[in-house]
>>> print(open('upload_21.csv').read())   # CSV, C-alpha atoms
chain,number,residue,atom,x,y,z
A,1,MET,CA,-29.1,-187.7,-209.4
A,2,ALA,CA,-29.7,-184.0,-210.0
A,3,GLU,CA,-29.3,-181.6,-207.1
A,4,ASN,CA,-32.5,-179.8,-206.3
A,5,LEU,CA,-32.3,-176.3,-204.9
A,6,SER,CA,-34.9,-173.7,-203.8
A,7,ILE,CA,-34.6,-170.0,-203.2
A,8,LYS,CA,-36.9,-167.0,-202.6
A,9,ILE,CA,-35.9,-163.5,-203.7
A,10,PRO,CA,-37.7,-160.2,-203.7
A,11,ALA,CA,-40.0,-160.1,-206.7
A,12,HIS,CA,-40.4,-157.4,-209.3
A,13,HIS,CA,-42.7,-154.5,-208.4
A,14,ASN,CA,-46.3,-154.7,-209.6
A,15,VAL,CA,-46.3,-152.8,-212.9
A,16,TYR,CA,-50.0,-152.0,-212.5
A,17,ASN,CA,-49.8,-150.1,-209.2
A,18,GLY,CA,-46.2,-150.1,-208.1
A,19,SER,CA,-46.5,-152.3,-205.0
A,20,SER,CA,-43.4,-154.3,-204.1
A,21,ASN,CA,-44.2,-156.5,-201.0
A,22,ARG,CA,-43.8,-159.9,-202.7
A,23,GLU,CA,-41.3,-162.7,-203.0
A,24,ILE,CA,-40.8,-165.0,-205.9
A,25,ARG,CA,-40.1,-168.7,-205.2
A,26,ILE,CA,-37.6,-170.4,-207.6
A,27,GLU,CA,-36.9,-174.1,-207.8
A,28,PHE,CA,-33.9,-175.3,-209.9
A,29,SER,CA,-32.0,-178.5,-210.5
A,30,LEU,CA,-28.3,-178.9,-211.3
A,31,PRO,CA,-27.1,-181.9,-213.3
A,32,GLU,CA,-25.4,-184.6,-211.2
A,33,ASN,CA,-22.2,-184.2,-213.1
A,34,GLU,CA,-20.5,-180.8,-212.7
A,35,THR,CA,-21.8,-178.1,-215.0
A,36,ASN,CA,-19.5,-177.2,-217.9
A,37,GLU,CA,-19.3,-174.7,-220.8
A,38,ASN,CA,-22.0,-176.8,-222.7
A,39,THR,CA,-24.5,-176.8,-219.8
A,40,GLY,CA,-27.7,-174.9,-220.8
A,41,ILE,CA,-30.6,-173.4,-218.8
A,42,ALA,CA,-34.2,-174.4,-219.4
A,43,ILE,CA,-37.3,-173.0,-217.7
A,44,LEU,CA,-40.6,-175.0,-217.4
A,45,VAL,CA,-43.8,-172.9,-217.5
A,46,PRO,CA,-47.1,-174.7,-216.7
A,47,GLY,CA,-50.5,-173.3,-217.6
A,48,PHE,CA,-53.9,-173.5,-215.9
A,49,GLY,CA,-54.3,-176.4,-213.5
A,50,ALA,CA,-50.6,-177.2,-213.0
A,51,ASN,CA,-48.0,-175.6,-210.8
A,52,ILE,CA,-44.5,-175.7,-209.5
A,53,ASP,CA,-45.3,-178.6,-207.1
A,54,SER,CA,-47.0,-180.8,-209.7
A,55,ASN,CA,-45.3,-184.2,-209.7
A,56,VAL,CA,-44.7,-184.2,-213.5
A,57,TYR,CA,-42.8,-180.9,-213.2
A,58,LYS,CA,-40.7,-182.2,-210.3
A,59,LYS,CA,-39.8,-185.2,-212.4
A,60,MET,CA,-39.0,-183.1,-215.5
A,61,ARG,CA,-36.7,-180.8,-213.5
A,62,GLU,CA,-34.7,-183.8,-212.2
A,63,THR,CA,-34.7,-185.9,-215.3
A,64,PHE,CA,-33.9,-183.2,-217.9
A,65,ALA,CA,-31.1,-181.8,-215.7
A,66,ASP,CA,-29.1,-185.1,-215.9
A,67,THR,CA,-30.3,-186.3,-219.3
A,68,TYR,CA,-29.7,-183.1,-221.3
A,69,ASN,CA,-27.0,-181.3,-219.2
A,70,LEU,CA,-29.3,-178.5,-218.2
A,71,VAL,CA,-29.9,-176.3,-215.2
A,72,MET,CA,-33.7,-176.8,-214.9
A,73,VAL,CA,-35.6,-173.8,-213.6
A,74,GLN,CA,-39.2,-173.2,-212.5
A,75,CYS,CA,-40.8,-170.3,-210.6
A,76,GLU,CA,-44.1,-169.7,-208.8
A,77,TYR,CA,-45.2,-166.8,-211.0
A,78,PHE,CA,-47.5,-163.9,-210.3
A,79,GLY,CA,-51.1,-165.0,-209.6
A,80,SER,CA,-50.5,-168.6,-210.5
A,81,GLU,CA,-52.3,-169.8,-207.4
A,82,PHE,CA,-55.6,-168.4,-208.9
A,83,MET,CA,-55.1,-170.7,-211.9
A,84,GLN,CA,-55.8,-173.9,-210.0
A,85,SER,CA,-59.1,-175.3,-208.8
A,86,ALA,CA,-61.2,-173.4,-206.2
A,87,SER,CA,-60.9,-174.1,-202.5
A,88,SER,CA,-64.3,-172.5,-201.9
A,89,PHE,CA,-67.2,-171.3,-203.9
A,90,ASN,CA,-70.7,-169.9,-203.8
A,91,LEU,CA,-73.9,-171.2,-205.4
A,92,LYS,CA,-74.6,-169.4,-208.7
A,93,ASP,CA,-78.4,-170.2,-208.6
A,94,ASP,CA,-80.9,-169.0,-206.0
A,95,PRO,CA,-80.7,-171.5,-203.1
A,96,ASN,CA,-84.5,-171.3,-202.7
A,97,GLU,CA,-85.0,-172.5,-206.3
A,98,LEU,CA,-82.7,-175.4,-205.6
A,99,ILE,CA,-84.6,-176.2,-202.4
A,100,ALA,CA,-87.9,-176.1,-204.4
A,101,SER,CA,-86.6,-178.7,-206.8
A,102,LEU,CA,-85.9,-181.2,-203.9
A,103,THR,CA,-88.2,-184.0,-203.0
A,104,VAL,CA,-90.3,-183.7,-199.9
A,105,SER,CA,-88.0,-186.2,-198.2
A,106,ASP,CA,-84.9,-184.1,-199.0
A,107,ARG,CA,-86.6,-180.9,-197.8
A,108,ASN,CA,-87.4,-182.6,-194.5
A,109,ARG,CA,-83.7,-183.6,-194.2
A,110,LEU,CA,-82.7,-180.0,-194.9
A,111,ASN,CA,-84.9,-178.8,-192.1
A,112,ASN,CA,-84.1,-175.1,-192.8
A,113,ASN,CA,-80.4,-175.9,-192.3
A,114,PHE,CA,-78.8,-174.5,-195.5
A,115,SER,CA,-75.4,-176.0,-194.6
A,116,ASN,CA,-76.9,-179.4,-195.4
A,117,LEU,CA,-77.9,-178.4,-198.9
A,118,LEU,CA,-74.6,-179.2,-200.7
A,119,GLU,CA,-74.5,-182.6,-199.0
A,120,ILE,CA,-78.0,-183.4,-200.2
A,121,LEU,CA,-77.3,-182.2,-203.7
A,122,SER,CA,-74.1,-184.2,-203.9
A,123,GLU,CA,-76.1,-187.4,-203.8
A,124,LYS,CA,-77.7,-186.5,-207.2
A,125,GLN,CA,-76.4,-186.9,-210.7
A,126,ILE,CA,-76.7,-183.2,-211.5
A,127,ILE,CA,-74.4,-180.4,-212.8
A,128,LEU,CA,-74.4,-177.6,-210.2
A,129,PRO,CA,-73.1,-174.1,-211.3
A,130,VAL,CA,-71.0,-172.4,-208.7
A,131,ILE,CA,-68.8,-169.3,-208.6
A,132,ALA,CA,-65.2,-169.6,-207.3
A,133,ASN,CA,-64.4,-167.6,-204.2
A,134,GLN,CA,-61.1,-165.9,-205.2
A,135,GLU,CA,-59.0,-163.6,-203.1
A,136,GLU,CA,-57.5,-161.6,-206.0
A,137,THR,CA,-56.6,-158.0,-205.3
A,138,SER,CA,-55.2,-155.1,-207.3
A,139,GLU,CA,-51.8,-156.0,-205.7
A,140,TYR,CA,-51.9,-159.7,-206.6
A,141,PHE,CA,-54.0,-161.3,-209.3
A,142,ASN,CA,-53.8,-163.6,-212.3
A,143,ASP,CA,-52.9,-161.0,-214.8
A,144,MET,CA,-52.2,-163.6,-217.6
A,145,GLY,CA,-49.5,-161.3,-219.0
A,146,PHE,CA,-46.8,-158.9,-218.1
A,147,MET,CA,-46.3,-159.7,-214.4
A,148,GLN,CA,-46.2,-163.4,-215.0
A,149,SER,CA,-43.7,-163.1,-217.8
A,150,ILE,CA,-41.5,-160.7,-215.8
A,151,ASP,CA,-41.3,-163.4,-213.1
A,152,ILE,CA,-40.3,-165.9,-215.6
A,153,ILE,CA,-37.5,-163.6,-217.0
A,154,THR,CA,-36.5,-162.8,-213.4
A,155,ALA,CA,-36.2,-166.4,-212.5
A,156,VAL,CA,-33.9,-167.2,-215.4
A,157,GLU,CA,-31.7,-164.1,-214.8
A,158,ALA,CA,-31.5,-164.8,-211.1
A,159,VAL,CA,-30.2,-168.4,-211.7
A,160,ARG,CA,-27.7,-167.1,-214.2
A,161,ILE,CA,-26.4,-164.6,-211.6
A,162,LEU,CA,-26.2,-167.4,-209.0
A,163,LEU,CA,-24.3,-169.7,-211.3
A,164,LYS,CA,-21.8,-166.9,-212.1
A,165,GLU,CA,-21.4,-165.9,-208.4
A,166,ASN,CA,-20.6,-169.6,-207.6
A,167,ASN,CA,-18.1,-170.0,-210.5
A,168,LEU,CA,-20.2,-172.6,-212.1
A,169,LYS,CA,-19.6,-172.9,-215.9
A,170,PHE,CA,-22.6,-172.8,-218.3
A,171,ASN,CA,-23.5,-171.8,-221.8
A,172,GLU,CA,-25.0,-168.3,-221.6
A,173,LYS,CA,-26.3,-168.6,-225.1
A,174,LYS,CA,-28.4,-171.7,-224.5
A,175,VAL,CA,-31.7,-170.9,-222.7
A,176,ILE,CA,-34.7,-173.0,-223.5
A,177,GLY,CA,-38.3,-172.1,-222.7
A,178,TYR,CA,-40.8,-175.1,-222.5
A,179,GLY,CA,-44.4,-174.2,-221.9
A,180,GLN,CA,-47.9,-175.8,-222.0
A,181,SER,CA,-51.0,-173.8,-223.1
A,182,HIS,CA,-50.9,-170.5,-221.2
A,183,GLY,CA,-47.4,-171.3,-220.1
A,184,ALA,CA,-46.3,-171.4,-223.7
A,185,PHE,CA,-48.0,-168.1,-224.3
A,186,LEU,CA,-46.0,-166.6,-221.4
A,187,ILE,CA,-42.7,-167.8,-222.9
A,188,HIS,CA,-43.6,-166.0,-226.2
A,189,LEU,CA,-44.4,-162.9,-224.2
A,190,SER,CA,-41.1,-163.3,-222.3
A,191,ASN,CA,-39.3,-163.6,-225.6
A,192,ARG,CA,-40.7,-160.3,-226.7
A,193,LEU,CA,-39.9,-158.5,-223.4
A,194,ALA,CA,-36.4,-159.9,-223.3
A,195,PRO,CA,-35.5,-160.6,-227.0
A,196,HIS,CA,-31.9,-161.6,-226.1
A,197,LEU,CA,-32.8,-164.3,-223.6
A,198,PHE,CA,-34.1,-167.5,-225.3
A,199,SER,CA,-32.3,-169.6,-227.8
A,200,HIS,CA,-35.1,-172.2,-228.0
A,201,ILE,CA,-38.8,-172.1,-227.4
A,202,ILE,CA,-41.0,-175.2,-227.2
A,203,ASP,CA,-44.7,-174.2,-227.5
A,204,ASN,CA,-47.3,-176.8,-226.7
A,205,SER,CA,-50.7,-175.3,-227.6
A,206,SER,CA,-50.1,-171.7,-226.8
A,207,TRP,CA,-53.2,-169.6,-227.4
A,208,ILE,CA,-53.0,-166.5,-229.5
A,209,GLU,CA,-54.4,-164.3,-226.8
A,210,PRO,CA,-55.4,-165.3,-223.2
A,211,VAL,CA,-58.9,-166.5,-223.6
A,212,TYR,CA,-59.9,-165.7,-220.0
A,213,LEU,CA,-59.3,-162.0,-220.5
A,214,SER,CA,-62.6,-161.9,-222.4
A,215,THR,CA,-64.5,-164.9,-221.2
A,216,ASN,CA,-64.9,-166.7,-217.9
A,217,ARG,CA,-63.1,-169.9,-217.2
A,218,TYR,CA,-65.2,-173.0,-216.4
A,219,LEU,CA,-63.8,-176.0,-214.6
A,220,PHE,CA,-65.8,-179.3,-214.1
A,221,GLN,CA,-65.1,-181.2,-210.9
A,222,SER,CA,-66.7,-184.3,-209.4
A,223,TYR,CA,-68.2,-184.0,-205.9
A,224,GLU,CA,-69.7,-187.3,-204.9
A,225,GLN,CA,-72.5,-188.1,-207.5
A,226,MET,CA,-72.7,-184.4,-208.5
A,227,THR,CA,-70.6,-182.5,-210.9
A,228,LEU,CA,-69.6,-178.9,-210.0
A,229,GLN,CA,-69.4,-176.4,-212.8
A,230,ILE,CA,-66.9,-173.9,-211.2
A,231,GLU,CA,-66.9,-170.5,-212.8
A,232,PHE,CA,-63.9,-168.2,-212.5
A,233,ASP,CA,-64.2,-164.5,-213.3
A,234,TYR,CA,-60.7,-163.0,-213.2
A,235,LEU,CA,-59.8,-159.5,-212.1
A,236,ALA,CA,-57.5,-159.2,-215.2
A,237,LYS,CA,-60.5,-158.2,-217.2
A,238,LYS,CA,-60.5,-155.0,-215.1
A,239,TYR,CA,-56.8,-154.3,-214.7
A,240,VAL,CA,-55.5,-155.3,-218.2
A,241,GLU,CA,-56.8,-152.4,-220.2
A,242,ASP,CA,-54.8,-153.0,-223.4
A,243,GLN,CA,-55.6,-156.6,-224.2
A,244,LYS,CA,-54.4,-156.2,-227.7
A,245,ALA,CA,-50.9,-155.9,-226.3
A,246,LEU,CA,-51.2,-159.5,-225.1
A,247,ASN,CA,-51.8,-161.0,-228.6
A,248,LEU,CA,-49.2,-163.0,-230.4
A,249,TYR,CA,-49.9,-161.1,-233.6
A,250,THR,CA,-49.0,-157.9,-231.8
A,251,LEU,CA,-45.9,-159.5,-230.1
A,252,TYR,CA,-44.4,-160.8,-233.3
A,253,ASN,CA,-45.4,-158.0,-235.6
A,254,ASP,CA,-42.2,-156.3,-237.0
A,255,PHE,CA,-40.1,-158.2,-234.4
A,256,ASN,CA,-36.7,-159.7,-235.1
A,257,ASN,CA,-37.2,-163.0,-233.4
A,258,CYS,CA,-33.8,-164.7,-232.7
A,259,ALA,CA,-35.1,-167.7,-230.8
A,260,LYS,CA,-35.6,-171.1,-232.5
A,261,ILE,CA,-39.3,-171.9,-232.1
A,262,ILE,CA,-41.2,-175.2,-232.4
A,263,SER,CA,-45.0,-174.9,-232.0
A,264,PHE,CA,-47.3,-177.8,-231.6
A,265,GLN,CA,-51.1,-177.4,-232.1
A,266,GLY,CA,-54.0,-179.8,-232.3
A,267,ASN,CA,-56.6,-179.4,-235.1
A,268,ASP,CA,-59.4,-180.0,-232.6
A,269,ASP,CA,-58.4,-177.3,-230.0
A,270,ASN,CA,-61.4,-175.6,-228.6
A,271,LEU,CA,-59.4,-172.6,-227.3
A,272,VAL,CA,-57.2,-171.9,-230.3
A,273,ASN,CA,-58.0,-171.6,-234.0
A,274,HIS,CA,-55.2,-173.8,-235.5
A,275,VAL,CA,-55.5,-172.1,-238.9
A,276,ASP,CA,-54.8,-168.7,-237.4
A,277,LYS,CA,-52.0,-170.1,-235.2
A,278,GLU,CA,-50.3,-171.8,-238.2
A,279,LYS,CA,-50.5,-168.6,-240.2
A,280,LEU,CA,-49.0,-166.7,-237.3
A,281,ILE,CA,-46.1,-169.1,-236.7
A,282,GLN,CA,-45.3,-169.3,-240.4
A,283,GLY,CA,-44.8,-165.5,-240.4
A,284,VAL,CA,-42.2,-165.7,-237.6
A,285,SER,CA,-38.6,-166.2,-238.5
A,286,ASN,CA,-36.8,-169.3,-237.1
A,287,ALA,CA,-40.2,-170.9,-236.3
A,288,GLU,CA,-41.7,-174.3,-237.2
A,289,PHE,CA,-45.3,-175.2,-236.8
A,290,ILE,CA,-46.5,-178.8,-236.3
A,291,LEU,CA,-50.2,-179.5,-236.7
A,292,VAL,CA,-51.4,-182.6,-234.9
A,293,ASP,CA,-54.5,-184.2,-236.4
A,294,GLU,CA,-56.0,-187.6,-235.8
A,295,SER,CA,-53.5,-189.3,-238.0
A,296,LYS,CA,-50.6,-188.0,-235.9
A,297,VAL,CA,-51.9,-189.1,-232.5
A,298,ASP,CA,-49.2,-191.7,-231.8
A,299,HIS,CA,-49.7,-192.3,-228.1
A,300,VAL,CA,-46.0,-191.6,-227.6
A,301,ILE,CA,-45.8,-187.9,-227.8
A,302,TYR,CA,-49.4,-187.0,-228.5
A,303,ASN,CA,-52.4,-188.7,-227.0
A,304,SER,CA,-55.0,-186.4,-228.5
A,305,ASN,CA,-55.4,-183.7,-231.1
A,306,LYS,CA,-57.2,-181.4,-228.6
A,307,HIS,CA,-55.9,-178.5,-226.5
A,308,GLY,CA,-52.6,-179.5,-224.8
A,309,LEU,CA,-52.5,-182.7,-227.0
A,310,ASN,CA,-52.7,-184.7,-223.7
A,311,ALA,CA,-49.0,-184.7,-224.5
A,312,ASP,CA,-46.3,-186.8,-222.8
A,313,PHE,CA,-44.2,-183.9,-221.7
A,314,LEU,CA,-40.9,-185.9,-221.4
A,315,ASN,CA,-41.2,-187.4,-224.9
A,316,MET,CA,-42.3,-184.0,-226.4
A,317,PHE,CA,-39.2,-182.4,-224.9
A,318,GLU,CA,-36.9,-185.1,-226.3
A,319,TYR,CA,-38.4,-184.8,-229.7
A,320,SER,CA,-38.2,-181.0,-229.7
A,321,ILE,CA,-34.6,-180.9,-228.6
A,322,GLN,CA,-33.7,-183.2,-231.5
A,323,GLN,CA,-35.6,-181.0,-234.0
A,324,LEU,CA,-34.3,-177.7,-232.7
A,325,GLY,CA,-30.7,-178.7,-232.7
A,326,ASN,CA,-27.9,-176.3,-231.8
A,327,PHE,CA,-28.9,-172.7,-232.1
A,328,GLU,CA,-27.8,-169.4,-230.6
A,329,ASN,CA,-29.6,-166.2,-230.1
A,330,ASP,CA,-27.3,-163.5,-231.5
A,331,ILE,CA,-29.0,-160.5,-230.0
A,332,GLU,CA,-26.7,-158.6,-227.6
A,333,LEU,CA,-28.2,-157.5,-224.3
A,334,SER,CA,-28.8,-153.7,-224.0
A,335,SER,CA,-28.7,-152.2,-220.6
A,336,GLU,CA,-31.7,-150.1,-221.4
A,337,TYR,CA,-34.3,-150.5,-224.1
A,338,GLU,CA,-38.0,-149.8,-224.9
A,339,LEU,CA,-40.7,-151.6,-226.7
A,340,LYS,CA,-44.2,-150.6,-227.8
A,341,LEU,CA,-47.0,-153.2,-227.9
A,342,SER,CA,-50.3,-151.8,-229.1
A,343,ASN,CA,-51.0,-148.9,-226.7
A,344,THR,CA,-48.6,-150.2,-224.1
A,345,LYS,CA,-45.0,-148.9,-223.7
A,346,ILE,CA,-42.5,-151.1,-221.8
A,347,GLN,CA,-39.3,-149.6,-220.6
A,348,VAL,CA,-36.6,-152.1,-219.5
A,349,ASN,CA,-33.5,-151.4,-217.5
A,350,TYR,CA,-30.8,-154.1,-216.9
A,351,SER,CA,-28.4,-151.7,-215.2
A,352,TYR,CA,-29.0,-153.2,-211.7
A,353,GLY,CA,-28.4,-156.9,-212.6
A,354,LEU,CA,-32.0,-158.2,-212.5
A,355,PRO,CA,-34.1,-156.3,-215.1
A,356,VAL,CA,-36.6,-153.6,-214.0
A,357,PHE,CA,-39.7,-153.2,-216.2
A,358,ASN,CA,-42.0,-150.1,-216.3
A,359,ARG,CA,-45.3,-150.0,-218.1
A,360,GLU,CA,-47.1,-147.0,-219.5
A,361,LEU,CA,-50.4,-146.7,-221.4
A,362,SER,CA,-50.5,-144.2,-224.3
>>> encode(input="upload_21.csv", output="structure tokens")
Amino acid sequence: MAENLSIKIPAHHNVYNGSSNREIRIEFSLPENETNENTGIAILVPGFGANIDSNVYKKMRETFADTYNLVMVQCEYFGSEFMQSASSFNLKDDPNELIASLTVSDRNRLNNNFSNLLEILSEKQIILPVIANQEETSEYFNDMGFMQSIDIITAVEAVRILLKENNLKFNEKKVIGYGQSHGAFLIHLSNRLAPHLFSHIIDNSSWIEPVYLSTNRYLFQSYEQMTLQIEFDYLAKKYVEDQKALNLYTLYNDFNNCAKIISFQGNDDNLVNHVDKEKLIQGVSNAEFILVDESKVDHVIYNSNKHGLNADFLNMFEYSIQQLGNFENDIELSSEYELKLSNTKIQVNYSYGLPVFNRELS
């Protein structure tokens, strides 16, 4: 059985304000048999609603390590805790209006004790709009972009350093990124920030641009008989000034992509225009686009043609590995380089082992 390891290391500084008082948690699994010159590295990147402790990701780390001779990596990336459900919330509507809608009996039960209001409402088959109470700050928030991708790159590079320091053999040219939804988008962004890093990218339903940079996120959650409509209004709208820099068209414009990409997209995706996504992927070198419509829902890999495809993550990985085959990224690592994305300039320095990224707006 795969050996599971967990480490915490100092995280990259916040590229928005320079703060550096954070750690990054990295989980990784080594194959049961000793690593060898064919052992690759793969990083799993979940999107909204999943995290490093989700059972499906724990299972994938262990299963894929042994089955495919991979060092399986996952990290708790910047602001990911704000991408889950809400632990607390406030009513969106005026409480007095809600009270006025109650029956006389319910109002008598309330007896001017507002703490009972939610309990009374939970007995009714209604949809109740609420606002998530989030503790995002300028130092730590769901940025949906650069900081999250920097953590992903850091996790892979840190594990590579650990393997070398412990004299464990592995194939430095085989690094696989596997992401779902926003997680897949972050792998594309990581590919642009570190163009030498990935040999293979598996993209399940990446959006072209993070949707919640321009609109609020809504999550529906049952609460007794009632359904909560939880609204999330993320700070990234305020702190990510150059949203165009976080668009796949910007990332892959005039870019020499040297990773082999397979991109899955449903034709009934409410967050991604599949026509635009197909056009985009077809314009990227070494990339394959797979459109999943009703006729391709096989209940083996895909269980729907909507966002995320309700995919069987294990079967999708197996299929993708077979399709991608052996491939190597032939870009050599430069100790220092610079890239321009829209009005954002990123300077990268690998001289210190782990990469250091600095961001400037022009």
>>> atom_distance(input="upload_21.csv", atom1="atom CA of Met72 of chain A", atom2="atom CA of Phe28 of chain A")
5.2 Å
>>> closest_residue(input="upload_21.csv", among="A:Val284, A:Val292, A:Val211, A:Leu341", to="Asp233 of chain A", atoms="only C-alpha atoms")
A:Val211
>>> atom_distance(input="upload_21.csv", atom1="atom CA of Met147 of chain A", atom2="atom CA of Ser190 of chain A")
10.1 Å
>>> residues_around(input="upload_21.csv", residues="Ala158 of chain A", least_positions_apart="4", cutoff="7 Å", atoms="only C-alpha atoms", output="PyMOL selection string")
chain A and resi 154+162+354
>>> closest_residue(input="upload_21.csv", among="A:Val56, A:Ile24, A:Val175, A:Val45", to="Asn69 of chain A", atoms="all atoms listed in the file")
A:Val175
>>> residues_around(input="upload_21.csv", residues="Asp151 of chain A", least_positions_apart="3", cutoff="8 Å", atoms="all atoms listed in the file", output="number ranges by chain")
A: 11-12, 24, 75, 77-78, 147-148, 154-155
>>> residues_around(input="upload_21.csv", residues="Asn90 of chain A", least_positions_apart="5", cutoff="10 Å", atoms="only C-alpha atoms", output="PyMOL selection string")
chain A and resi 129-133+230-231
>>> closest_residue(input="upload_21.csv", among="A:Leu118, A:Ala100, A:Val240, A:Met60", to="Leu361 of chain A", atoms="only C-alpha atoms")
A:Val240
>>> atom_distance(input="upload_21.csv", atom1="atom CA of Leu271 of chain A", atom2="atom CA of Tyr249 of chain A")
16.2 Å
>>> closest_residue(input="upload_21.csv", among="A:Arg160, A:Lys174, A:His188, A:Arg61", to="Ile208 of chain A", atoms="only C-alpha atoms")
A:His188
>>> closest_residue(input="upload_21.csv", among="A:Val300, A:Leu193, A:Leu333, A:Leu168", to="Glu318 of chain A", atoms="all atoms listed in the file")
A:Val300
>>> decode(input="upload_21.csv", residues="segment 263-318 of chain A", atoms="C-alpha atoms", output="compact mmCIF listing (two decimals), in the first residue's frame")
# COMPACT_ATOMS: atom_id res chain seq x y z
CA SER A 263 -9.62 18.80 -21.98
CA PHE A 264 -13.09 17.41 -21.18
CA GLN A 265 -16.16 19.65 -21.41
CA GLY A 266 -19.89 19.03 -21.27
CA ASN A 267 -22.20 20.65 -23.81
CA ASP A 268 -24.70 21.54 -21.06
CA ASP A 269 -22.24 23.35 -18.79
CA ASN A 270 -23.88 26.38 -17.16
CA LEU A 271 -20.52 27.95 -16.28
CA VAL A 272 -18.56 27.42 -19.49
CA ASN A 273 -19.44 28.08 -23.11
CA HIS A 274 -18.32 24.81 -24.68
CA VAL A 275 -18.08 26.37 -28.15
CA ASP A 276 -15.61 28.98 -26.90
CA LYS A 277 -13.70 26.39 -24.90
CA GLU A 278 -13.35 24.09 -27.91
CA LYS A 279 -12.13 26.97 -30.07
CA LEU A 280 -9.60 27.87 -27.39
CA ILE A 281 -8.22 24.36 -26.90
CA GLN A 282 -8.01 23.72 -30.63
CA GLY A 283 -5.72 26.74 -30.87
CA VAL A 284 -3.28 25.36 -28.28
CA SER A 285 -0.44 23.12 -29.43
CA ASN A 286 -0.34 19.56 -28.04
CA ALA A 287 -3.95 19.85 -26.84
CA GLU A 288 -6.99 17.61 -27.40
CA PHE A 289 -10.60 18.62 -26.72
CA ILE A 290 -13.30 16.08 -25.85
CA LEU A 291 -16.90 17.34 -25.93
CA VAL A 292 -19.26 15.25 -23.83
CA ASP A 293 -22.86 15.41 -25.03
CA GLU A 294 -25.83 13.23 -24.11
CA SER A 295 -24.68 10.42 -26.39
CA LYS A 296 -21.31 10.15 -24.61
CA VAL A 297 -22.68 9.91 -21.06
CA ASP A 298 -21.52 6.33 -20.48
CA HIS A 299 -21.94 6.12 -16.67
CA VAL A 300 -18.37 4.83 -16.56
CA ILE A 301 -16.31 7.99 -17.00
CA TYR A 302 -19.10 10.56 -17.40
CA ASN A 303 -22.41 10.54 -15.55
CA SER A 304 -23.68 13.80 -17.03
CA ASN A 305 -22.90 16.39 -19.67
CA LYS A 306 -23.08 19.29 -17.18
CA HIS A 307 -20.32 21.16 -15.37
CA GLY A 308 -17.83 18.66 -13.95
CA LEU A 309 -19.52 15.84 -15.91
CA ASN A 310 -20.31 14.17 -12.55
CA ALA A 311 -17.20 12.30 -13.57
CA ASP A 312 -15.74 9.17 -12.02
CA PHE A 313 -12.37 10.71 -11.22
CA LEU A 314 -10.51 7.40 -11.12
CA ASN A 315 -11.86 6.19 -14.47
CA MET A 316 -11.25 9.58 -16.08
CA PHE A 317 -7.62 9.50 -14.95
CA GLU A 318 -7.11 5.98 -16.30
